[in-house]
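A.B. asks: Would you mind keeping the following structure in view while I ask a few things?
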Amino acid sequence: MSQITLYLDDATQALVEQAAQANGLSKSRWVAEIIRKYAAHEWPRDCLALAGRFADFPLREENPASQAADVPREGF
């Protein structure tokens, strides 16, 4: 298992300590879970469950020539 060093201001450190204690976790475990949650490259189940639920949602304009070109996003 690797280790990292984080430099936190006092207010942020207090937030980490409070949140970890409130969740019954060590600070390391709490930070690791937050990283997994926010660094994941997948959609949350709640969001995936909405796929196809809006039959009248416009997916594209009638005239494809009027659409802007897709621009790749960094990191994906």
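If you're wondering about the labels, chains in the structure tokens are A, B, ... by order shown, residues count from 1 in each chain, ligands from 1 in order shown.
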I'd like the contact shell of region 4-20 of chain A - 9 Å cut-off, only C-alpha atoms, skipping same-chain residues fewer than 3 positions apart - returned as a list in words.
C.D. replies: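 Listing them by chain and then by number gives Asn23, Gly24, Leu25, Ser26, Lys27, Ser28, Arg29, Trp30 and Val31 of chain A.
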A.B. asks: Suppose you want the space between CA of Leu48 (chain A) and CA of Glu33 (chain A); what is it in Å?
C.D. replies: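 That distance, rounded to one decimal, is 21.0 Å.
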A.B. asks: Write down as a list of chain:residue names the residues of region 16-46 of chain A whose backbone DSSP state falls under helix (DSSP H, G or I).
C.D. replies: A:Val16, A:Glu17, A:Gln18, A:Ala19, A:Ala20, A:Gln21, A:Ala22, A:Lys27, A:Ser28, A:Arg29, A:Trp30, A:Val31, A:Ala32, A:Glu33, A:Ile34, A:Ile35, A:Arg36, A:Lys37, A:Tyr38, A:Ala39, A:Arg45, A:Asp46
A.B. asks: Could you please take those selected residues and save N, CA and C atoms as a PDB file, in the first residue's frame?
C.D. replies:
```
ATOM      1  N   VAL A  16     -11.977  17.108   7.583  1.00  0.00           N
ATOM      2  CA  VAL A  16     -11.614  15.705   7.375  1.00  0.00           C
ATOM      3  C   VAL A  16     -11.801  14.917   8.662  1.00  0.00           C
ATOM      4  N   GLU A  17     -11.314  15.454   9.751  1.00  0.00           N
ATOM      5  CA  GLU A  17     -11.431  14.754  11.040  1.00  0.00           C
ATOM      6  C   GLU A  17     -12.887  14.560  11.433  1.00  0.00           C
ATOM      7  N   GLN A  18     -13.696  15.609  11.284  1.00  0.00           N
ATOM      8  CA  GLN A  18     -15.113  15.510  11.640  1.00  0.00           C
ATOM      9  C   GLN A  18     -15.853  14.502  10.755  1.00  0.00           C
ATOM     10  N   ALA A  19     -15.606  14.559   9.466  1.00  0.00           N
ATOM     11  CA  ALA A  19     -16.299  13.656   8.544  1.00  0.00           C
ATOM     12  C   ALA A  19     -15.884  12.210   8.776  1.00  0.00           C
ATOM     13  N   ALA A  20     -14.605  11.981   8.993  1.00  0.00           N
ATOM     14  CA  ALA A  20     -14.130  10.619   9.233  1.00  0.00           C
ATOM     15  C   ALA A  20     -14.749  10.068  10.513  1.00  0.00           C
ATOM     16  N   GLN A  21     -14.744  10.874  11.569  1.00  0.00           N
ATOM     17  CA  GLN A  21     -15.313  10.424  12.841  1.00  0.00           C
ATOM     18  C   GLN A  21     -16.816  10.172  12.708  1.00  0.00           C
ATOM     19  N   ALA A  22     -17.522  11.066  12.004  1.00  0.00           N
ATOM     20  CA  ALA A  22     -18.973  10.915  11.826  1.00  0.00           C
ATOM     21  C   ALA A  22     -19.321   9.647  11.057  1.00  0.00           C
ATOM     22  N   LYS A  27      -9.134   8.594   9.159  1.00  0.00           N
ATOM     23  CA  LYS A  27      -8.973   9.666   8.175  1.00  0.00           C
ATOM     24  C   LYS A  27      -8.475   9.109   6.844  1.00  0.00           C
ATOM     25  N   SER A  28      -7.542   8.171   6.902  1.00  0.00           N
ATOM     26  CA  SER A  28      -7.014   7.581   5.666  1.00  0.00           C
ATOM     27  C   SER A  28      -8.103   6.866   4.883  1.00  0.00           C
ATOM     28  N   ARG A  29      -8.910   6.089   5.564  1.00  0.00           N
ATOM     29  CA  ARG A  29      -9.989   5.353   4.890  1.00  0.00           C
ATOM     30  C   ARG A  29     -11.012   6.312   4.306  1.00  0.00           C
ATOM     31  N   TRP A  30     -11.355   7.358   5.060  1.00  0.00           N
ATOM     32  CA  TRP A  30     -12.340   8.324   4.583  1.00  0.00           C
ATOM     33  C   TRP A  30     -11.839   9.035   3.331  1.00  0.00           C
ATOM     34  N   VAL A  31     -10.593   9.488   3.345  1.00  0.00           N
ATOM     35  CA  VAL A  31     -10.022  10.169   2.175  1.00  0.00           C
ATOM     36  C   VAL A  31      -9.976   9.212   0.986  1.00  0.00           C
ATOM     37  N   ALA A  32      -9.584   7.963   1.205  1.00  0.00           N
ATOM     38  CA  ALA A  32      -9.522   6.982   0.116  1.00  0.00           C
ATOM     39  C   ALA A  32     -10.904   6.773  -0.509  1.00  0.00           C
ATOM     40  N   GLU A  33     -11.943   6.697   0.323  1.00  0.00           N
ATOM     41  CA  GLU A  33     -13.293   6.504  -0.209  1.00  0.00           C
ATOM     42  C   GLU A  33     -13.758   7.717  -1.007  1.00  0.00           C
ATOM     43  N   ILE A  34     -13.410   8.910  -0.552  1.00  0.00           N
ATOM     44  CA  ILE A  34     -13.775  10.123  -1.290  1.00  0.00           C
ATOM     45  C   ILE A  34     -13.056  10.156  -2.638  1.00  0.00           C
ATOM     46  N   ILE A  35     -11.798   9.780  -2.653  1.00  0.00           N
ATOM     47  CA  ILE A  35     -11.050   9.744  -3.911  1.00  0.00           C
ATOM     48  C   ILE A  35     -11.675   8.746  -4.870  1.00  0.00           C
ATOM     49  N   ARG A  36     -12.011   7.546  -4.379  1.00  0.00           N
ATOM     50  CA  ARG A  36     -12.648   6.546  -5.242  1.00  0.00           C
ATOM     51  C   ARG A  36     -13.967   7.065  -5.800  1.00  0.00           C
ATOM     52  N   LYS A  37     -14.729   7.744  -4.962  1.00  0.00           N
ATOM     53  CA  LYS A  37     -16.043   8.243  -5.380  1.00  0.00           C
ATOM     54  C   LYS A  37     -15.917   9.306  -6.472  1.00  0.00           C
ATOM     55  N   TYR A  38     -15.021  10.247  -6.304  1.00  0.00           N
ATOM     56  CA  TYR A  38     -14.947  11.378  -7.218  1.00  0.00           C
ATOM     57  C   TYR A  38     -13.962  11.201  -8.361  1.00  0.00           C
ATOM     58  N   ALA A  39     -13.088  10.227  -8.288  1.00  0.00           N
ATOM     59  CA  ALA A  39     -12.129  10.019  -9.370  1.00  0.00           C
ATOM     60  C   ALA A  39     -12.567   8.902 -10.315  1.00  0.00           C
ATOM     61  N   ARG A  45     -25.144   5.039 -10.495  1.00  0.00           N
ATOM     62  CA  ARG A  45     -26.300   4.197 -10.841  1.00  0.00           C
ATOM     63  C   ARG A  45     -27.571   5.014 -10.979  1.00  0.00           C
ATOM     64  N   ASP A  46     -27.747   6.017 -10.109  1.00  0.00           N
ATOM     65  CA  ASP A  46     -28.949   6.862 -10.178  1.00  0.00           C
ATOM     66  C   ASP A  46     -29.066   7.525 -11.548  1.00  0.00           C
TER      67      ASP A  46
END
```
